[in-house]
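Colleague: Hey, dropping protein_16.txt in here, compact mmCIF, N, CA, C and O atoms:
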# COMPACT_ATOMS: atom_id res chain seq x y z
N MET C 1 -4.76 22.84 -25.34
CA MET C 1 -4.25 21.53 -25.68
C MET C 1 -2.82 21.37 -25.18
O MET C 1 -2.45 20.31 -24.71
N ALA C 2 -2.06 22.45 -25.26
CA ALA C 2 -0.67 22.38 -24.79
C ALA C 2 -0.62 22.16 -23.29
O ALA C 2 0.21 21.37 -22.80
N SER C 3 -1.52 22.81 -22.55
CA SER C 3 -1.52 22.61 -21.09
C SER C 3 -1.95 21.20 -20.73
O SER C 3 -1.47 20.63 -19.74
N LEU C 4 -2.82 20.61 -21.52
CA LEU C 4 -3.22 19.22 -21.28
C LEU C 4 -2.03 18.29 -21.43
O LEU C 4 -1.79 17.43 -20.57
N PHE C 5 -1.25 18.47 -22.50
CA PHE C 5 -0.08 17.63 -22.71
C PHE C 5 0.99 17.86 -21.65
O PHE C 5 1.64 16.92 -21.19
N LEU C 6 1.18 19.10 -21.24
CA LEU C 6 2.15 19.38 -20.19
C LEU C 6 1.74 18.76 -18.86
O LEU C 6 2.56 18.18 -18.15
N SER C 7 0.47 18.88 -18.51
CA SER C 7 -0.01 18.29 -17.26
C SER C 7 0.11 16.78 -17.28
O SER C 7 0.55 16.16 -16.31
N PHE C 8 -0.27 16.18 -18.39
CA PHE C 8 -0.18 14.73 -18.51
C PHE C 8 1.26 14.25 -18.42
O PHE C 8 1.56 13.29 -17.72
N SER C 9 2.16 14.91 -19.11
CA SER C 9 3.57 14.49 -19.09
C SER C 9 4.18 14.70 -17.71
O SER C 9 4.99 13.89 -17.25
N PHE C 10 3.79 15.78 -17.02
CA PHE C 10 4.30 16.01 -15.66
C PHE C 10 3.82 14.93 -14.71
O PHE C 10 4.61 14.39 -13.92
N LEU C 11 2.54 14.58 -14.76
CA LEU C 11 2.01 13.55 -13.86
C LEU C 11 2.59 12.18 -14.18
O LEU C 11 2.89 11.41 -13.27
N LEU C 12 2.74 11.87 -15.45
CA LEU C 12 3.33 10.59 -15.82
C LEU C 12 4.79 10.52 -15.39
O LEU C 12 5.25 9.50 -14.89
N GLY C 13 5.52 11.62 -15.56
CA GLY C 13 6.91 11.65 -15.12
C GLY C 13 7.04 11.51 -13.61
O GLY C 13 7.95 10.83 -13.12
N GLU C 14 6.12 12.12 -12.86
CA GLU C 14 6.14 11.99 -11.40
C GLU C 14 5.90 10.54 -10.99
O GLU C 14 6.56 10.02 -10.10
N PHE C 15 4.96 9.90 -11.65
CA PHE C 15 4.67 8.50 -11.34
C PHE C 15 5.87 7.61 -11.65
O PHE C 15 6.24 6.75 -10.85
N VAL C 16 6.49 7.81 -12.79
CA VAL C 16 7.66 7.01 -13.18
C VAL C 16 8.82 7.25 -12.22
O VAL C 16 9.49 6.31 -11.78
N PHE C 17 9.04 8.50 -11.85
CA PHE C 17 10.12 8.82 -10.92
C PHE C 17 9.88 8.17 -9.56
O PHE C 17 10.81 7.64 -8.95
N ALA C 18 8.64 8.19 -9.08
CA ALA C 18 8.32 7.55 -7.80
C ALA C 18 8.53 6.05 -7.88
O ALA C 18 9.05 5.43 -6.94
N ASN C 19 8.17 5.43 -8.99
CA ASN C 19 8.39 3.99 -9.14
C ASN C 19 9.87 3.65 -9.22
O ASN C 19 10.29 2.61 -8.73
N ILE C 20 10.67 4.51 -9.82
CA ILE C 20 12.11 4.27 -9.87
C ILE C 20 12.71 4.35 -8.47
O ILE C 20 13.55 3.54 -8.09
N LEU C 21 12.26 5.33 -7.68
CA LEU C 21 12.83 5.51 -6.34
C LEU C 21 12.42 4.43 -5.35
O LEU C 21 13.25 3.92 -4.62
N VAL C 22 11.14 4.10 -5.29
CA VAL C 22 10.66 3.18 -4.26
C VAL C 22 10.28 1.82 -4.78
O VAL C 22 10.02 0.91 -4.00
N GLY C 23 10.22 1.65 -6.08
CA GLY C 23 9.86 0.36 -6.64
C GLY C 23 8.35 0.18 -6.66
O GLY C 23 7.58 1.06 -6.29
N THR C 24 7.92 -0.99 -7.06
CA THR C 24 6.49 -1.25 -7.20
C THR C 24 5.87 -1.83 -5.93
O THR C 24 4.67 -2.02 -5.87
N ARG C 25 6.67 -2.12 -4.90
CA ARG C 25 6.11 -2.69 -3.68
C ARG C 25 5.38 -1.67 -2.84
O ARG C 25 4.58 -2.02 -1.99
N PHE C 26 5.68 -0.39 -3.03
CA PHE C 26 5.09 0.66 -2.22
C PHE C 26 4.10 1.48 -3.04
O PHE C 26 4.33 1.74 -4.21
N GLU C 27 3.02 1.88 -2.38
CA GLU C 27 2.03 2.73 -3.04
C GLU C 27 2.44 4.19 -2.93
O GLU C 27 2.88 4.62 -1.87
N THR C 28 2.28 4.93 -4.00
CA THR C 28 2.47 6.37 -3.91
C THR C 28 1.20 6.97 -3.31
O THR C 28 0.18 6.29 -3.17
N LEU C 29 1.25 8.24 -2.96
CA LEU C 29 0.08 8.89 -2.37
C LEU C 29 -1.11 8.89 -3.32
O LEU C 29 -2.24 8.66 -2.91
N GLN C 30 -0.86 9.12 -4.59
CA GLN C 30 -1.95 9.16 -5.55
C GLN C 30 -2.64 7.80 -5.67
O GLN C 30 -3.87 7.72 -5.73
N ILE C 31 -1.87 6.73 -5.70
CA ILE C 31 -2.46 5.39 -5.80
C ILE C 31 -3.20 5.05 -4.51
O ILE C 31 -4.30 4.48 -4.55
N TYR C 32 -2.65 5.42 -3.37
CA TYR C 32 -3.32 5.18 -2.09
C TYR C 32 -4.65 5.93 -2.02
O TYR C 32 -5.67 5.37 -1.60
N LEU C 33 -4.66 7.19 -2.46
CA LEU C 33 -5.90 7.96 -2.46
C LEU C 33 -6.93 7.35 -3.40
O LEU C 33 -8.13 7.31 -3.10
N TYR C 34 -6.49 6.88 -4.55
CA TYR C 34 -7.41 6.27 -5.50
C TYR C 34 -8.04 5.01 -4.91
O TYR C 34 -9.24 4.77 -5.05
N ASN C 35 -7.24 4.20 -4.22
CA ASN C 35 -7.77 2.98 -3.62
C ASN C 35 -8.68 3.29 -2.43
O ASN C 35 -9.66 2.58 -2.20
N MET C 36 -8.37 4.32 -1.67
CA MET C 36 -9.16 4.65 -0.48
C MET C 36 -10.47 5.36 -0.82
O MET C 36 -11.39 5.37 -0.02
N ARG C 37 -10.58 5.96 -1.98
CA ARG C 37 -11.80 6.71 -2.30
C ARG C 37 -13.00 5.79 -2.41
O ARG C 37 -14.13 6.23 -2.23
N GLN C 38 -12.78 4.52 -2.66
CA GLN C 38 -13.89 3.58 -2.76
C GLN C 38 -14.40 3.15 -1.39
O GLN C 38 -15.53 2.72 -1.26
N THR C 39 -13.57 3.28 -0.35
CA THR C 39 -13.98 2.84 0.98
C THR C 39 -14.47 3.99 1.85
O THR C 39 -15.48 3.87 2.52
N SER C 40 -13.74 5.11 1.87
CA SER C 40 -14.12 6.21 2.75
C SER C 40 -13.80 7.55 2.10
O SER C 40 -12.64 7.93 1.99
N GLY C 41 -14.84 8.26 1.72
CA GLY C 41 -14.65 9.57 1.12
C GLY C 41 -14.20 10.61 2.12
O GLY C 41 -13.43 11.51 1.79
N HIS C 42 -14.67 10.48 3.37
CA HIS C 42 -14.28 11.44 4.41
C HIS C 42 -12.79 11.33 4.73
O HIS C 42 -12.11 12.33 4.89
N PHE C 43 -12.30 10.11 4.82
CA PHE C 43 -10.88 9.91 5.10
C PHE C 43 -10.02 10.44 3.96
O PHE C 43 -9.00 11.09 4.20
N THR C 44 -10.46 10.18 2.73
CA THR C 44 -9.72 10.66 1.57
C THR C 44 -9.69 12.19 1.55
O THR C 44 -8.64 12.79 1.29
N SER C 45 -10.82 12.83 1.84
CA SER C 45 -10.86 14.30 1.88
C SER C 45 -9.95 14.86 2.96
O SER C 45 -9.25 15.84 2.74
N ALA C 46 -9.97 14.24 4.13
CA ALA C 46 -9.10 14.69 5.22
C ALA C 46 -7.63 14.52 4.85
O ALA C 46 -6.81 15.39 5.16
N LEU C 47 -7.30 13.44 4.19
CA LEU C 47 -5.91 13.20 3.79
C LEU C 47 -5.46 14.21 2.74
O LEU C 47 -4.34 14.72 2.81
N VAL C 48 -6.32 14.54 1.79
CA VAL C 48 -5.98 15.53 0.77
C VAL C 48 -5.79 16.90 1.41
O VAL C 48 -4.84 17.63 1.07
N MET C 49 -6.65 17.29 2.34
CA MET C 49 -6.52 18.58 3.01
C MET C 49 -5.24 18.64 3.85
O MET C 49 -4.55 19.66 3.87
N THR C 50 -4.92 17.56 4.53
CA THR C 50 -3.68 17.50 5.31
C THR C 50 -2.46 17.61 4.40
O THR C 50 -1.51 18.34 4.71
N TYR C 51 -2.49 16.92 3.28
CA TYR C 51 -1.40 16.98 2.31
C TYR C 51 -1.26 18.40 1.75
O TYR C 51 -0.15 18.92 1.63
N PHE C 52 -2.39 19.05 1.43
CA PHE C 52 -2.37 20.42 0.92
C PHE C 52 -1.77 21.38 1.95
O PHE C 52 -0.92 22.21 1.62
N LEU C 53 -2.19 21.25 3.21
CA LEU C 53 -1.66 22.13 4.26
C LEU C 53 -0.17 21.89 4.48
O LEU C 53 0.59 22.84 4.72
N PHE C 54 0.26 20.64 4.41
CA PHE C 54 1.67 20.31 4.57
C PHE C 54 2.51 20.94 3.46
O PHE C 54 3.55 21.56 3.71
N ILE C 55 2.04 20.81 2.22
CA ILE C 55 2.76 21.40 1.08
C ILE C 55 2.75 22.92 1.18
O ILE C 55 3.75 23.59 0.89
N PHE C 56 1.62 23.51 1.59
CA PHE C 56 1.53 24.95 1.75
C PHE C 56 2.52 25.44 2.81
O PHE C 56 3.22 26.43 2.61
N LEU C 57 2.62 24.72 3.93
CA LEU C 57 3.55 25.09 4.99
C LEU C 57 5.00 24.99 4.52
O LEU C 57 5.80 25.89 4.77
N LEU C 58 5.33 23.94 3.80
CA LEU C 58 6.69 23.80 3.27
C LEU C 58 7.03 24.90 2.27
O LEU C 58 8.14 25.44 2.28
N THR C 59 6.07 25.25 1.42
CA THR C 59 6.28 26.33 0.46
C THR C 59 6.48 27.66 1.16
O THR C 59 7.36 28.44 0.81
N TRP C 60 5.67 27.91 2.16
CA TRP C 60 5.78 29.15 2.93
C TRP C 60 7.13 29.24 3.65
O TRP C 60 7.79 30.28 3.62
N LEU C 61 7.56 28.14 4.27
CA LEU C 61 8.86 28.13 4.95
C LEU C 61 10.01 28.34 3.96
O LEU C 61 10.96 29.07 4.25
N ALA C 62 9.92 27.70 2.81
CA ALA C 62 10.98 27.86 1.81
C ALA C 62 11.05 29.30 1.32
O ALA C 62 12.14 29.84 1.13
N SER C 63 9.90 29.94 1.13
CA SER C 63 9.92 31.33 0.67
C SER C 63 10.45 32.25 1.75
O SER C 63 11.15 33.22 1.46
N ARG C 64 10.15 31.97 3.01
CA ARG C 64 10.65 32.81 4.11
C ARG C 64 12.17 32.67 4.23
O ARG C 64 12.87 33.67 4.42
N PHE C 65 12.68 31.44 4.13
CA PHE C 65 14.13 31.25 4.25
C PHE C 65 14.87 31.79 3.04
O PHE C 65 15.97 32.32 3.17
N SER C 66 14.30 31.68 1.86
CA SER C 66 14.98 32.20 0.68
C SER C 66 14.95 33.74 0.67
O SER C 66 15.88 34.36 0.21
N ARG C 67 13.90 34.31 1.18
CA ARG C 67 13.83 35.78 1.27
C ARG C 67 14.85 36.30 2.28
O ARG C 67 15.48 37.32 2.06
N GLY C 68 15.04 35.57 3.38
CA GLY C 68 16.03 35.97 4.38
C GLY C 68 17.46 35.84 3.87
O GLY C 68 18.32 36.62 4.22
N ALA C 69 17.72 34.88 3.01
CA ALA C 69 19.07 34.69 2.47
C ALA C 69 19.40 35.75 1.43
O ALA C 69 20.57 36.09 1.24
N GLN C 70 18.40 36.31 0.75
CA GLN C 70 18.65 37.31 -0.27
C GLN C 70 18.92 38.68 0.33
O GLN C 70 19.59 39.49 -0.27
N SER C 71 18.42 38.94 1.53
CA SER C 71 18.58 40.27 2.14
C SER C 71 19.94 40.51 2.68
O SER C 71 20.79 39.80 2.89
Would you kindly transcribe this structure into structure tokens?
Modeller:
Amino acid sequence: MASLFLSFSFLLGEFVFANILVGTRFETLQIYLYNMRQTSGHFTSALVMTYFLFIFLLTWLASRFSRGAQS
């Protein structure tokens, strides 16, 4: 139950923070994916995989640079 509340509060906070930064005129990635899932499941899947790989690459680069700075 605690993890449910933590996940919900994290996602809600992310949504609120994105709305504060860009306003309501722009769609966030989550809203865009939700709207696109009704039209093309293949496109939505490809977009999610691309987003996952992008985040994975950024995480890997950050860990490599932080490991180099500690040595």
Colleague: Have a look at atom C of Ile31 (chain C) and atom N of Phe8 (chain C) and let me know their distance in Å, one decimal.
Modeller: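 Atom C of Ile31 (chain C) sits 18.0 Å away from atom N of Phe8 (chain C).
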Colleague: May I ask which of the residues C:Phe65, C:Tyr51, C:Trp60, C:Phe5 is the closest one to Leu33 (chain C), counting only C-alpha atoms?
Modeller: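 Selected residue with least distance to Leu33 (chain C): C:Tyr51.
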Colleague: Distance atom O of Phe54 (chain C)-atom C of Ser66 (chain C), one decimal place?
Modeller: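 Value for the atom O of Phe54 (chain C)-atom C of Ser66 (chain C) distance: 17.0 Å.
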Colleague: Could you go through chain C and tell me which residues DSSP, when run on the backbone, assigns to alpha helix (DSSP H), listing them as an mmCIF file with N, CA, C and O atoms, in the coordinates of the input?
Modeller:
data_model
loop_
_atom_site.group_PDB
_atom_site.id
_atom_site.type_symbol
_atom_site.label_atom_id
_atom_site.label_comp_id
_atom_site.auth_asym_id
_atom_site.auth_seq_id
_atom_site.Cartn_x
_atom_site.Cartn_y
_atom_site.Cartn_z
ATOM 1 N N ALA C 2 -2.060 22.450 -25.260
ATOM 2 C CA ALA C 2 -0.670 22.380 -24.790
ATOM 3 C C ALA C 2 -0.620 22.160 -23.290
ATOM 4 O O ALA C 2 0.210 21.370 -22.800
ATOM 5 N N SER C 3 -1.520 22.810 -22.550
ATOM 6 C CA SER C 3 -1.520 22.610 -21.090
ATOM 7 C C SER C 3 -1.950 21.200 -20.730
ATOM 8 O O SER C 3 -1.470 20.630 -19.740
ATOM 9 N N LEU C 4 -2.820 20.610 -21.520
ATOM 10 C CA LEU C 4 -3.220 19.220 -21.280
ATOM 11 C C LEU C 4 -2.030 18.290 -21.430
ATOM 12 O O LEU C 4 -1.790 17.430 -20.570
ATOM 13 N N PHE C 5 -1.250 18.470 -22.500
ATOM 14 C CA PHE C 5 -0.080 17.630 -22.710
ATOM 15 C C PHE C 5 0.990 17.860 -21.650
ATOM 16 O O PHE C 5 1.640 16.920 -21.190
ATOM 17 N N LEU C 6 1.180 19.100 -21.240
ATOM 18 C CA LEU C 6 2.150 19.380 -20.190
ATOM 19 C C LEU C 6 1.740 18.760 -18.860
ATOM 20 O O LEU C 6 2.560 18.180 -18.150
ATOM 21 N N SER C 7 0.470 18.880 -18.510
ATOM 22 C CA SER C 7 -0.010 18.290 -17.260
ATOM 23 C C SER C 7 0.110 16.780 -17.280
ATOM 24 O O SER C 7 0.550 16.160 -16.310
ATOM 25 N N PHE C 8 -0.270 16.180 -18.390
ATOM 26 C CA PHE C 8 -0.180 14.730 -18.510
ATOM 27 C C PHE C 8 1.260 14.250 -18.420
ATOM 28 O O PHE C 8 1.560 13.290 -17.720
ATOM 29 N N SER C 9 2.160 14.910 -19.110
ATOM 30 C CA SER C 9 3.570 14.490 -19.090
ATOM 31 C C SER C 9 4.180 14.700 -17.710
ATOM 32 O O SER C 9 4.990 13.890 -17.250
ATOM 33 N N PHE C 10 3.790 15.780 -17.020
ATOM 34 C CA PHE C 10 4.300 16.010 -15.660
ATOM 35 C C PHE C 10 3.820 14.930 -14.710
ATOM 36 O O PHE C 10 4.610 14.390 -13.920
ATOM 37 N N LEU C 11 2.540 14.580 -14.760
ATOM 38 C CA LEU C 11 2.010 13.550 -13.860
ATOM 39 C C LEU C 11 2.590 12.180 -14.180
ATOM 40 O O LEU C 11 2.890 11.410 -13.270
ATOM 41 N N LEU C 12 2.740 11.870 -15.450
ATOM 42 C CA LEU C 12 3.330 10.590 -15.820
ATOM 43 C C LEU C 12 4.790 10.520 -15.390
ATOM 44 O O LEU C 12 5.250 9.500 -14.890
ATOM 45 N N GLY C 13 5.520 11.620 -15.560
ATOM 46 C CA GLY C 13 6.910 11.650 -15.120
ATOM 47 C C GLY C 13 7.040 11.510 -13.610
ATOM 48 O O GLY C 13 7.950 10.830 -13.120
ATOM 49 N N GLU C 14 6.120 12.120 -12.860
ATOM 50 C CA GLU C 14 6.140 11.990 -11.400
ATOM 51 C C GLU C 14 5.900 10.540 -10.990
ATOM 52 O O GLU C 14 6.560 10.020 -10.100
ATOM 53 N N PHE C 15 4.960 9.900 -11.650
ATOM 54 C CA PHE C 15 4.670 8.500 -11.340
ATOM 55 C C PHE C 15 5.870 7.610 -11.650
ATOM 56 O O PHE C 15 6.240 6.750 -10.850
ATOM 57 N N VAL C 16 6.490 7.810 -12.790
ATOM 58 C CA VAL C 16 7.660 7.010 -13.180
ATOM 59 C C VAL C 16 8.820 7.250 -12.220
ATOM 60 O O VAL C 16 9.490 6.310 -11.780
ATOM 61 N N PHE C 17 9.040 8.500 -11.850
ATOM 62 C CA PHE C 17 10.120 8.820 -10.920
ATOM 63 C C PHE C 17 9.880 8.170 -9.560
ATOM 64 O O PHE C 17 10.810 7.640 -8.950
ATOM 65 N N ALA C 18 8.640 8.190 -9.080
ATOM 66 C CA ALA C 18 8.320 7.550 -7.800
ATOM 67 C C ALA C 18 8.530 6.050 -7.880
ATOM 68 O O ALA C 18 9.050 5.430 -6.940
ATOM 69 N N ASN C 19 8.170 5.430 -8.990
ATOM 70 C CA ASN C 19 8.390 3.990 -9.140
ATOM 71 C C ASN C 19 9.870 3.650 -9.220
ATOM 72 O O ASN C 19 10.290 2.610 -8.730
ATOM 73 N N ILE C 20 10.670 4.510 -9.820
ATOM 74 C CA ILE C 20 12.110 4.270 -9.870
ATOM 75 C C ILE C 20 12.710 4.350 -8.470
ATOM 76 O O ILE C 20 13.550 3.540 -8.090
ATOM 77 N N LEU C 21 12.260 5.330 -7.680
ATOM 78 C CA LEU C 21 12.830 5.510 -6.340
ATOM 79 C C LEU C 21 12.420 4.430 -5.350
ATOM 80 O O LEU C 21 13.250 3.920 -4.620
ATOM 81 N N VAL C 22 11.140 4.100 -5.290
ATOM 82 C CA VAL C 22 10.660 3.180 -4.260
ATOM 83 C C VAL C 22 10.280 1.820 -4.780
ATOM 84 O O VAL C 22 10.020 0.910 -4.000
ATOM 85 N N LEU C 29 1.250 8.240 -2.960
ATOM 86 C CA LEU C 29 0.080 8.890 -2.370
ATOM 87 C C LEU C 29 -1.110 8.890 -3.320
ATOM 88 O O LEU C 29 -2.240 8.660 -2.910
ATOM 89 N N GLN C 30 -0.860 9.120 -4.590
ATOM 90 C CA GLN C 30 -1.950 9.160 -5.550
ATOM 91 C C GLN C 30 -2.640 7.800 -5.670
ATOM 92 O O GLN C 30 -3.870 7.720 -5.730
ATOM 93 N N ILE C 31 -1.870 6.730 -5.700
ATOM 94 C CA ILE C 31 -2.460 5.390 -5.800
ATOM 95 C C ILE C 31 -3.200 5.050 -4.510
ATOM 96 O O ILE C 31 -4.300 4.480 -4.550
ATOM 97 N N TYR C 32 -2.650 5.420 -3.370
ATOM 98 C CA TYR C 32 -3.320 5.180 -2.090
ATOM 99 C C TYR C 32 -4.650 5.930 -2.020
ATOM 100 O O TYR C 32 -5.670 5.370 -1.600
ATOM 101 N N LEU C 33 -4.660 7.190 -2.460
ATOM 102 C CA LEU C 33 -5.900 7.960 -2.460
ATOM 103 C C LEU C 33 -6.930 7.350 -3.400
ATOM 104 O O LEU C 33 -8.130 7.310 -3.100
ATOM 105 N N TYR C 34 -6.490 6.880 -4.550
ATOM 106 C CA TYR C 34 -7.410 6.270 -5.500
ATOM 107 C C TYR C 34 -8.040 5.010 -4.910
ATOM 108 O O TYR C 34 -9.240 4.770 -5.050
ATOM 109 N N ASN C 35 -7.240 4.200 -4.220
ATOM 110 C CA ASN C 35 -7.770 2.980 -3.620
ATOM 111 C C ASN C 35 -8.680 3.290 -2.430
ATOM 112 O O ASN C 35 -9.660 2.580 -2.200
ATOM 113 N N MET C 36 -8.370 4.320 -1.670
ATOM 114 C CA MET C 36 -9.160 4.650 -0.480
ATOM 115 C C MET C 36 -10.470 5.360 -0.820
ATOM 116 O O MET C 36 -11.390 5.370 -0.020
ATOM 117 N N GLY C 41 -14.840 8.260 1.720
ATOM 118 C CA GLY C 41 -14.650 9.570 1.120
ATOM 119 C C GLY C 41 -14.200 10.610 2.120
ATOM 120 O O GLY C 41 -13.430 11.510 1.790
ATOM 121 N N HIS C 42 -14.670 10.480 3.370
ATOM 122 C CA HIS C 42 -14.280 11.440 4.410
ATOM 123 C C HIS C 42 -12.790 11.330 4.730
ATOM 124 O O HIS C 42 -12.110 12.330 4.890
ATOM 125 N N PHE C 43 -12.300 10.110 4.820
ATOM 126 C CA PHE C 43 -10.880 9.910 5.100
ATOM 127 C C PHE C 43 -10.020 10.440 3.960
ATOM 128 O O PHE C 43 -9.000 11.090 4.200
ATOM 129 N N THR C 44 -10.460 10.180 2.730
ATOM 130 C CA THR C 44 -9.720 10.660 1.570
ATOM 131 C C THR C 44 -9.690 12.190 1.550
ATOM 132 O O THR C 44 -8.640 12.790 1.290
ATOM 133 N N SER C 45 -10.820 12.830 1.840
ATOM 134 C CA SER C 45 -10.860 14.300 1.880
ATOM 135 C C SER C 45 -9.950 14.860 2.960
ATOM 136 O O SER C 45 -9.250 15.840 2.740
ATOM 137 N N ALA C 46 -9.970 14.240 4.130
ATOM 138 C CA ALA C 46 -9.100 14.690 5.220
ATOM 139 C C ALA C 46 -7.630 14.520 4.850
ATOM 140 O O ALA C 46 -6.810 15.390 5.160
ATOM 141 N N LEU C 47 -7.300 13.440 4.190
ATOM 142 C CA LEU C 47 -5.910 13.200 3.790
ATOM 143 C C LEU C 47 -5.460 14.210 2.740
ATOM 144 O O LEU C 47 -4.340 14.720 2.810
ATOM 145 N N VAL C 48 -6.320 14.540 1.790
ATOM 146 C CA VAL C 48 -5.980 15.530 0.770
ATOM 147 C C VAL C 48 -5.790 16.900 1.410
ATOM 148 O O VAL C 48 -4.840 17.630 1.070
ATOM 149 N N MET C 49 -6.650 17.290 2.340
ATOM 150 C CA MET C 49 -6.520 18.580 3.010
ATOM 151 C C MET C 49 -5.240 18.640 3.850
ATOM 152 O O MET C 49 -4.550 19.660 3.870
ATOM 153 N N THR C 50 -4.920 17.560 4.530
ATOM 154 C CA THR C 50 -3.680 17.500 5.310
ATOM 155 C C THR C 50 -2.460 17.610 4.400
ATOM 156 O O THR C 50 -1.510 18.340 4.710
ATOM 157 N N TYR C 51 -2.490 16.920 3.280
ATOM 158 C CA TYR C 51 -1.400 16.980 2.310
ATOM 159 C C TYR C 51 -1.260 18.400 1.750
ATOM 160 O O TYR C 51 -0.150 18.920 1.630
ATOM 161 N N PHE C 52 -2.390 19.050 1.430
ATOM 162 C CA PHE C 52 -2.370 20.420 0.920
ATOM 163 C C PHE C 52 -1.770 21.380 1.950
ATOM 164 O O PHE C 52 -0.920 22.210 1.620
ATOM 165 N N LEU C 53 -2.190 21.250 3.210
ATOM 166 C CA LEU C 53 -1.660 22.130 4.260
ATOM 167 C C LEU C 53 -0.170 21.890 4.480
ATOM 168 O O LEU C 53 0.590 22.840 4.720
ATOM 169 N N PHE C 54 0.260 20.640 4.410
ATOM 170 C CA PHE C 54 1.670 20.310 4.570
ATOM 171 C C PHE C 54 2.510 20.940 3.460
ATOM 172 O O PHE C 54 3.550 21.560 3.710
ATOM 173 N N ILE C 55 2.040 20.810 2.220
ATOM 174 C CA ILE C 55 2.760 21.400 1.080
ATOM 175 C C ILE C 55 2.750 22.920 1.180
ATOM 176 O O ILE C 55 3.750 23.590 0.890
ATOM 177 N N PHE C 56 1.620 23.510 1.590
ATOM 178 C CA PHE C 56 1.530 24.950 1.750
ATOM 179 C C PHE C 56 2.520 25.440 2.810
ATOM 180 O O PHE C 56 3.220 26.430 2.610
ATOM 181 N N LEU C 57 2.620 24.720 3.930
ATOM 182 C CA LEU C 57 3.550 25.090 4.990
ATOM 183 C C LEU C 57 5.000 24.990 4.520
ATOM 184 O O LEU C 57 5.800 25.890 4.770
ATOM 185 N N LEU C 58 5.330 23.940 3.800
ATOM 186 C CA LEU C 58 6.690 23.800 3.270
ATOM 187 C C LEU C 58 7.030 24.900 2.270
ATOM 188 O O LEU C 58 8.140 25.440 2.280
ATOM 189 N N THR C 59 6.070 25.250 1.420
ATOM 190 C CA THR C 59 6.280 26.330 0.460
ATOM 191 C C THR C 59 6.480 27.660 1.160
ATOM 192 O O THR C 59 7.360 28.440 0.810
ATOM 193 N N TRP C 60 5.670 27.910 2.160
ATOM 194 C CA TRP C 60 5.780 29.150 2.930
ATOM 195 C C TRP C 60 7.130 29.240 3.650
ATOM 196 O O TRP C 60 7.790 30.280 3.620
ATOM 197 N N LEU C 61 7.560 28.140 4.270
ATOM 198 C CA LEU C 61 8.860 28.130 4.950
ATOM 199 C C LEU C 61 10.010 28.340 3.960
ATOM 200 O O LEU C 61 10.960 29.070 4.250
ATOM 201 N N ALA C 62 9.920 27.700 2.810
ATOM 202 C CA ALA C 62 10.980 27.860 1.810
ATOM 203 C C ALA C 62 11.050 29.300 1.320
ATOM 204 O O ALA C 62 12.140 29.840 1.130
ATOM 205 N N SER C 63 9.900 29.940 1.130
ATOM 206 C CA SER C 63 9.920 31.330 0.670
ATOM 207 C C SER C 63 10.450 32.250 1.750
ATOM 208 O O SER C 63 11.150 33.220 1.460
ATOM 209 N N ARG C 64 10.150 31.970 3.010
ATOM 210 C CA ARG C 64 10.650 32.810 4.110
ATOM 211 C C ARG C 64 12.170 32.670 4.230
ATOM 212 O O ARG C 64 12.870 33.670 4.420
ATOM 213 N N PHE C 65 12.680 31.440 4.130
ATOM 214 C CA PHE C 65 14.130 31.250 4.250
ATOM 215 C C PHE C 65 14.870 31.790 3.040
ATOM 216 O O PHE C 65 15.970 32.320 3.170
ATOM 217 N N SER C 66 14.300 31.680 1.860
ATOM 218 C CA SER C 66 14.980 32.200 0.680
ATOM 219 C C SER C 66 14.950 33.740 0.670
ATOM 220 O O SER C 66 15.880 34.360 0.210
ATOM 221 N N ARG C 67 13.900 34.310 1.180
ATOM 222 C CA ARG C 67 13.830 35.780 1.270
ATOM 223 C C ARG C 67 14.850 36.300 2.280
ATOM 224 O O ARG C 67 15.480 37.320 2.060
ATOM 225 N N GLY C 68 15.040 35.570 3.380
ATOM 226 C CA GLY C 68 16.030 35.970 4.380
ATOM 227 C C GLY C 68 17.460 35.840 3.870
ATOM 228 O O GLY C 68 18.320 36.620 4.220
ATOM 229 N N ALA C 69 17.720 34.880 3.010
ATOM 230 C CA ALA C 69 19.070 34.690 2.470
ATOM 231 C C ALA C 69 19.400 35.750 1.430
ATOM 232 O O ALA C 69 20.570 36.090 1.240
ATOM 233 N N GLN C 70 18.400 36.310 0.750
ATOM 234 C CA GLN C 70 18.650 37.310 -0.270
ATOM 235 C C GLN C 70 18.920 38.680 0.330
ATOM 236 O O GLN C 70 19.590 39.490 -0.270
#
Colleague: Please, what is the axis-aligned box for every listed atom of region 9-21 of chain C with 6 Å on each side, as centre and edge lengths in Å to one decimal, as AutoDock Vina command-line options?
Modeller:
--center_x 7.8 --center_y 9.3 --center_z -11.9 --size_x 23.5 --size_y 25.4 --size_z 26.5
Colleague: When you draw a straight line from atom O of Ser45 (chain C) to CA of Leu58 (chain C), how long is it in Å?
Modeller: 17.8 Å
Colleague: Counting only N, CA, C and O atoms, which residue out of C:Thr50, C:Thr39, C:Ser3, C:Thr28 sits closest to Phe15 (chain C)?
Modeller: C:Thr28
